[in-house]
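Asks: Take a look at the following structure, please.
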Amino acid sequence: MKAEKDPGWAQTEPQIPLYEIYQALRRAFGHQHWWPAETAEEVIVGAVLAQNVAWENASRAIRALKEKQLLSLAALHETDATVIAPLIRPSRFYNQKAQRLKNLSDLLMDRFQGSLEAMLAADLSLLRKELMNLSGFGNETVDSILLYAAQKPVFVIDAYTRRIFSRLALIPPDWSYRACQQYFMDRLPADLDLYQDFHAQIVCLGSRICKKKNPLCSYCPLIRWCKKK
DNA sequence: ACCCAGGGCGTTG
DNA sequence: CAACGCCATGGG
């Protein structure tokens, strides 16, 4: 048993199997069918625009791009950042995000001959490395692209995941992104639909708690379910 | 007038 | 390497 390797922490382990938590959430909220986008390109652009902003505002920015026929990496590549920025204003940090979209379109052109299919079909670790090299693309944004655009079973960790699962005492609050991701992937089968919907369920739950006023209780079916075990 | 949202980066000590 | 400031909108 390797449990005795981790000091202190191991004693509070194992509690609720992750898959049962997923099922409880899914029973409560239903299958979410994420990511809310029509095309892979829309997923990718959305992943950038959704950084640290309410989805509703990111969605407005996407609509604005769509209306100007700019919701494609090829079109964005031909458009100046000073033109893109005002369109995506509702998504917050719009100057940075305009540049980030340019960075991504440059990668697509320079390394994948402008073929999105080629990029998304690339070797997983290569693609991850290429995306992570882009300024403005960190762990969560890249993994969201891998999971929802490239359809790779990569588990996404976001702020909600950390908050919820550390409050459930399943992971320490200060674990690195990679450590958290490893925790989930070690305990769940590498199933695309499971990874996609589990993350969606977490966001669904997280977006209706996590305020100071709602300290992860009351209308949280997951916690009720956990407590009666 | 607050608070915060599906991050990421650069700069400090 | 942790902690923090920065980016800089819109809804509750």
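We label chains A, B, ... in the order they appear in the structure tokens, count residues from 1 in each chain, and number ligands from 1 in the order shown.
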Show me which bits of chain C are within 7 Å of chain A, counting only C-alpha atoms (C1' of nucleotides), as a short mmCIF file (atom, residue, chain, number, x, y, z; two decimals) with N, CA and C atoms (P, O5', C5', C4', C3', O3' and C1' of nucleotides), in the first residue's frame.

Replies:
data_model
loop_
_atom_site.label_atom_id
_atom_site.label_comp_id
_atom_site.auth_asym_id
_atom_site.auth_seq_id
_atom_site.Cartn_x
_atom_site.Cartn_y
_atom_site.Cartn_z
P DC C 7 -3.21 47.35 -15.53
"O5'" DC C 7 -3.98 46.27 -16.41
"C5'" DC C 7 -3.29 45.59 -17.44
"C4'" DC C 7 -4.23 44.54 -18.04
"C3'" DC C 7 -5.66 45.07 -18.27
"O3'" DC C 7 -6.07 44.76 -19.58
"C1'" DC C 7 -5.72 43.04 -17.11
P DA C 8 -6.66 45.93 -20.47
"O5'" DA C 8 -8.07 46.26 -19.75
"C5'" DA C 8 -9.16 45.42 -20.03
"C4'" DA C 8 -10.24 45.60 -18.97
"C3'" DA C 8 -10.87 46.99 -18.90
"O3'" DA C 8 -12.26 46.80 -18.72
"C1'" DA C 8 -10.24 46.34 -16.78
P DT C 9 -13.36 47.88 -18.77
"O5'" DT C 9 -14.68 47.05 -19.12
"C5'" DT C 9 -14.69 46.22 -20.27
"C4'" DT C 9 -15.86 45.26 -20.19
"C3'" DT C 9 -17.20 45.91 -19.87
"O3'" DT C 9 -18.18 45.30 -20.66
"C1'" DT C 9 -16.71 44.31 -18.21
#

Asks: Give me, as a ChimeraX atom specification, the residues of region 119-190 of chain A that a backbone DSSP run labels alpha helix (DSSP H).

Replies: /A:119-120,124-132,139-144,159-167,177-187

Asks: Dump N, CA and C atoms for the selected residues as an mmCIF file, in the first residue's frame?

Replies:
data_model
loop_
_atom_site.group_PDB
_atom_site.id
_atom_site.type_symbol
_atom_site.label_atom_id
_atom_site.label_comp_id
_atom_site.auth_asym_id
_atom_site.auth_seq_id
_atom_site.Cartn_x
_atom_site.Cartn_y
_atom_site.Cartn_z
ATOM 1 N N MET A 119 -4.403 20.209 -36.786
ATOM 2 C CA MET A 119 -3.960 20.595 -35.453
ATOM 3 C C MET A 119 -4.614 19.723 -34.385
ATOM 4 N N LEU A 120 -5.927 19.562 -34.476
ATOM 5 C CA LEU A 120 -6.643 18.822 -33.443
ATOM 6 C C LEU A 120 -6.345 17.324 -33.491
ATOM 7 N N LEU A 124 -1.204 13.970 -28.950
ATOM 8 C CA LEU A 124 -1.707 14.680 -27.767
ATOM 9 C C LEU A 124 -0.637 15.476 -27.035
ATOM 10 N N SER A 125 0.479 14.826 -26.748
ATOM 11 C CA SER A 125 1.490 15.537 -25.960
ATOM 12 C C SER A 125 2.150 16.647 -26.775
ATOM 13 N N LEU A 126 2.253 16.426 -28.084
ATOM 14 C CA LEU A 126 2.794 17.481 -28.952
ATOM 15 C C LEU A 126 1.856 18.685 -28.972
ATOM 16 N N LEU A 127 0.570 18.397 -29.171
ATOM 17 C CA LEU A 127 -0.420 19.468 -29.240
ATOM 18 C C LEU A 127 -0.471 20.257 -27.939
ATOM 19 N N ARG A 128 -0.445 19.516 -26.833
ATOM 20 C CA ARG A 128 -0.455 20.185 -25.527
ATOM 21 C C ARG A 128 0.752 21.111 -25.385
ATOM 22 N N LYS A 129 1.897 20.603 -25.816
ATOM 23 C CA LYS A 129 3.132 21.391 -25.698
ATOM 24 C C LYS A 129 3.047 22.650 -26.555
ATOM 25 N N GLU A 130 2.565 22.487 -27.767
ATOM 26 C CA GLU A 130 2.458 23.637 -28.682
ATOM 27 C C GLU A 130 1.511 24.695 -28.120
ATOM 28 N N LEU A 131 0.382 24.252 -27.602
ATOM 29 C CA LEU A 131 -0.591 25.198 -27.064
ATOM 30 C C LEU A 131 -0.070 25.884 -25.802
ATOM 31 N N MET A 132 0.577 25.093 -24.951
ATOM 32 C CA MET A 132 1.102 25.658 -23.704
ATOM 33 C C MET A 132 2.205 26.678 -23.965
ATOM 34 N N ASN A 139 -2.827 25.874 -18.262
ATOM 35 C CA ASN A 139 -3.349 24.514 -18.099
ATOM 36 C C ASN A 139 -4.830 24.378 -18.407
ATOM 37 N N GLU A 140 -5.650 25.215 -17.792
ATOM 38 C CA GLU A 140 -7.088 25.013 -17.937
ATOM 39 C C GLU A 140 -7.568 25.295 -19.349
ATOM 40 N N THR A 141 -7.093 26.384 -19.934
ATOM 41 C CA THR A 141 -7.515 26.729 -21.287
ATOM 42 C C THR A 141 -7.092 25.643 -22.275
ATOM 43 N N VAL A 142 -5.868 25.198 -22.161
ATOM 44 C CA VAL A 142 -5.357 24.166 -23.067
ATOM 45 C C VAL A 142 -6.138 22.862 -22.890
ATOM 46 N N ASP A 143 -6.343 22.452 -21.655
ATOM 47 C CA ASP A 143 -7.053 21.193 -21.438
ATOM 48 C C ASP A 143 -8.506 21.271 -21.892
ATOM 49 N N SER A 144 -9.117 22.433 -21.766
ATOM 50 C CA SER A 144 -10.481 22.594 -22.267
ATOM 51 C C SER A 144 -10.514 22.407 -23.774
ATOM 52 N N ALA A 159 -11.238 26.344 -11.028
ATOM 53 C CA ALA A 159 -11.337 26.853 -9.650
ATOM 54 C C ALA A 159 -12.469 26.156 -8.893
ATOM 55 N N TYR A 160 -13.570 25.887 -9.565
ATOM 56 C CA TYR A 160 -14.691 25.195 -8.916
ATOM 57 C C TYR A 160 -14.270 23.803 -8.450
ATOM 58 N N THR A 161 -13.550 23.103 -9.309
ATOM 59 C CA THR A 161 -13.114 21.749 -8.963
ATOM 60 C C THR A 161 -12.284 21.763 -7.690
ATOM 61 N N ARG A 162 -11.345 22.683 -7.632
ATOM 62 C CA ARG A 162 -10.513 22.788 -6.432
ATOM 63 C C ARG A 162 -11.351 23.108 -5.201
ATOM 64 N N ARG A 163 -12.207 24.107 -5.304
ATOM 65 C CA ARG A 163 -13.008 24.523 -4.152
ATOM 66 C C ARG A 163 -13.894 23.397 -3.656
ATOM 67 N N ILE A 164 -14.631 22.797 -4.569
ATOM 68 C CA ILE A 164 -15.595 21.776 -4.182
ATOM 69 C C ILE A 164 -14.911 20.546 -3.606
ATOM 70 N N PHE A 165 -13.909 20.053 -4.324
ATOM 71 C CA PHE A 165 -13.322 18.783 -3.890
ATOM 72 C C PHE A 165 -12.353 18.933 -2.729
ATOM 73 N N SER A 166 -11.835 20.145 -2.528
ATOM 74 C CA SER A 166 -11.025 20.336 -1.326
ATOM 75 C C SER A 166 -11.933 20.510 -0.111
ATOM 76 N N ARG A 167 -13.105 21.115 -0.314
ATOM 77 C CA ARG A 167 -14.039 21.205 0.809
ATOM 78 C C ARG A 167 -14.610 19.845 1.166
ATOM 79 N N TYR A 177 -1.977 22.091 -10.246
ATOM 80 C CA TYR A 177 -2.942 21.706 -11.279
ATOM 81 C C TYR A 177 -2.738 20.244 -11.683
ATOM 82 N N ARG A 178 -1.496 19.922 -11.972
ATOM 83 C CA ARG A 178 -1.181 18.567 -12.433
ATOM 84 C C ARG A 178 -1.517 17.501 -11.398
ATOM 85 N N ALA A 179 -1.253 17.811 -10.133
ATOM 86 C CA ALA A 179 -1.549 16.842 -9.073
ATOM 87 C C ALA A 179 -3.049 16.592 -8.987
ATOM 88 N N CYS A 180 -3.825 17.661 -9.076
ATOM 89 C CA CYS A 180 -5.282 17.512 -9.044
ATOM 90 C C CYS A 180 -5.758 16.680 -10.228
ATOM 91 N N GLN A 181 -5.246 17.011 -11.395
ATOM 92 C CA GLN A 181 -5.651 16.296 -12.597
ATOM 93 C C GLN A 181 -5.300 14.810 -12.495
ATOM 94 N N GLN A 182 -4.125 14.548 -11.951
ATOM 95 C CA GLN A 182 -3.682 13.167 -11.778
ATOM 96 C C GLN A 182 -4.628 12.405 -10.857
ATOM 97 N N TYR A 183 -5.060 13.091 -9.798
ATOM 98 C CA TYR A 183 -5.975 12.484 -8.831
ATOM 99 C C TYR A 183 -7.239 11.980 -9.525
ATOM 100 N N PHE A 184 -7.811 12.814 -10.359
ATOM 101 C CA PHE A 184 -9.045 12.431 -11.051
ATOM 102 C C PHE A 184 -8.784 11.357 -12.101
ATOM 103 N N MET A 185 -7.735 11.539 -12.877
ATOM 104 C CA MET A 185 -7.498 10.606 -13.979
ATOM 105 C C MET A 185 -7.054 9.236 -13.496
ATOM 106 N N ASP A 186 -6.426 9.190 -12.317
ATOM 107 C CA ASP A 186 -6.052 7.900 -11.735
ATOM 108 C C ASP A 186 -7.269 7.116 -11.246
ATOM 109 N N ARG A 187 -8.344 7.833 -10.986
ATOM 110 C CA ARG A 187 -9.508 7.189 -10.364
ATOM 111 C C ARG A 187 -10.719 7.065 -11.271
#

Asks: Given a cut-off of 9 Å, which residues of chain A touch chain B, counting only C-alpha atoms (C1' of nucleotides), written out as a JSON list (two decimals) with N, CA and C atoms, in the first residue's frame?

Replies:
[["chain", "number", "residue", "atom", "x", "y", "z"],
["A", 47, "ALA", "N", -12.91, 29.22, -25.32],
["A", 47, "ALA", "CA", -12.05, 28.86, -24.19],
["A", 47, "ALA", "C", -11.18, 30.05, -23.78],
["A", 48, "VAL", "N", -10.76, 30.82, -24.77],
["A", 48, "VAL", "CA", -9.96, 32.01, -24.47],
["A", 48, "VAL", "C", -10.84, 33.11, -23.90],
["A", 50, "ALA", "N", -13.58, 32.95, -22.37],
["A", 50, "ALA", "CA", -14.26, 32.62, -21.11],
["A", 50, "ALA", "C", -13.33, 32.70, -19.91],
["A", 51, "GLN", "N", -12.07, 33.05, -20.13],
["A", 51, "GLN", "CA", -11.13, 33.11, -19.00],
["A", 51, "GLN", "C", -11.56, 34.16, -17.98],
["A", 52, "ASN", "N", -11.78, 33.69, -16.78],
["A", 52, "ASN", "CA", -12.09, 34.58, -15.65],
["A", 52, "ASN", "C", -13.17, 35.61, -15.95],
["A", 53, "VAL", "N", -14.25, 35.15, -16.54],
["A", 53, "VAL", "CA", -15.39, 36.04, -16.81],
["A", 53, "VAL", "C", -16.66, 35.19, -16.79],
["A", 54, "ALA", "N", -17.76, 35.78, -16.43],
["A", 54, "ALA", "CA", -19.03, 35.06, -16.46],
["A", 54, "ALA", "C", -19.32, 34.62, -17.89],
["A", 55, "TRP", "N", -19.80, 33.40, -18.05],
["A", 55, "TRP", "CA", -20.01, 32.84, -19.39],
["A", 55, "TRP", "C", -20.91, 33.74, -20.24],
["A", 135, "SER", "N", 1.55, 32.34, -25.39],
["A", 135, "SER", "CA", 1.28, 33.26, -24.28],
["A", 135, "SER", "C", -0.24, 33.40, -24.12],
["A", 136, "GLY", "N", -0.70, 33.23, -22.90],
["A", 136, "GLY", "CA", -2.13, 33.35, -22.62],
["A", 136, "GLY", "C", -2.85, 32.02, -22.56],
["A", 137, "PHE", "N", -2.12, 30.93, -22.83],
["A", 137, "PHE", "CA", -2.72, 29.60, -22.79],
["A", 137, "PHE", "C", -2.09, 28.79, -21.66],
["A", 138, "GLY", "N", -2.80, 28.67, -20.56],
["A", 138, "GLY", "CA", -2.33, 27.91, -19.42],
["A", 138, "GLY", "C", -3.01, 26.55, -19.36],
["A", 140, "GLU", "N", -5.65, 25.21, -17.79],
["A", 140, "GLU", "CA", -7.09, 25.01, -17.94],
["A", 140, "GLU", "C", -7.57, 25.30, -19.35],
["A", 141, "THR", "N", -7.09, 26.38, -19.93],
["A", 141, "THR", "CA", -7.52, 26.73, -21.29],
["A", 141, "THR", "C", -7.09, 25.64, -22.28],
["A", 158, "ASP", "N", -10.62, 23.22, -12.79],
["A", 158, "ASP", "CA", -10.82, 24.67, -12.71],
["A", 158, "ASP", "C", -10.99, 25.07, -11.25],
["A", 159, "ALA", "N", -11.24, 26.34, -11.03],
["A", 159, "ALA", "CA", -11.34, 26.85, -9.65],
["A", 159, "ALA", "C", -12.47, 26.16, -8.89],
["A", 160, "TYR", "N", -13.57, 25.89, -9.57],
["A", 160, "TYR", "CA", -14.69, 25.20, -8.92],
["A", 160, "TYR", "C", -14.27, 23.80, -8.45],
["A", 203, "VAL", "N", -19.01, 22.60, -13.01],
["A", 203, "VAL", "CA", -19.27, 24.02, -13.25],
["A", 203, "VAL", "C", -20.72, 24.35, -12.92],
["A", 207, "SER", "N", -21.30, 26.99, -10.09],
["A", 207, "SER", "CA", -21.86, 28.30, -10.41],
["A", 207, "SER", "C", -23.10, 28.61, -9.58],
["A", 211, "LYS", "N", -20.55, 31.16, -3.36],
["A", 211, "LYS", "CA", -20.64, 32.51, -2.84],
["A", 211, "LYS", "C", -20.50, 32.41, -1.33]]

Asks: Considering only C-alpha atoms, state which residue in the set A:Lys68, A:Leu170, A:Leu194, A:Glu38 is at the smallest distance from Pro86 (chain A).

Replies: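 Distance minimum relative to Pro86 (chain A) lands on A:Lys68.
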
Asks: Counting only C-alpha atoms (C1' of nucleotides), which of A:Gln113, A:Ala28, A:Arg60, A:Ala37 gets nearest to DG10 (chain C)?

Replies: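 With only C-alpha atoms (C1' of nucleotides) as the atom set, the closest residue is A:Arg60.
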
Asks: CA of Arg26 (chain A) and CA of Leu205 (chain A), how far apart in Å?

Replies: 10.3 Å
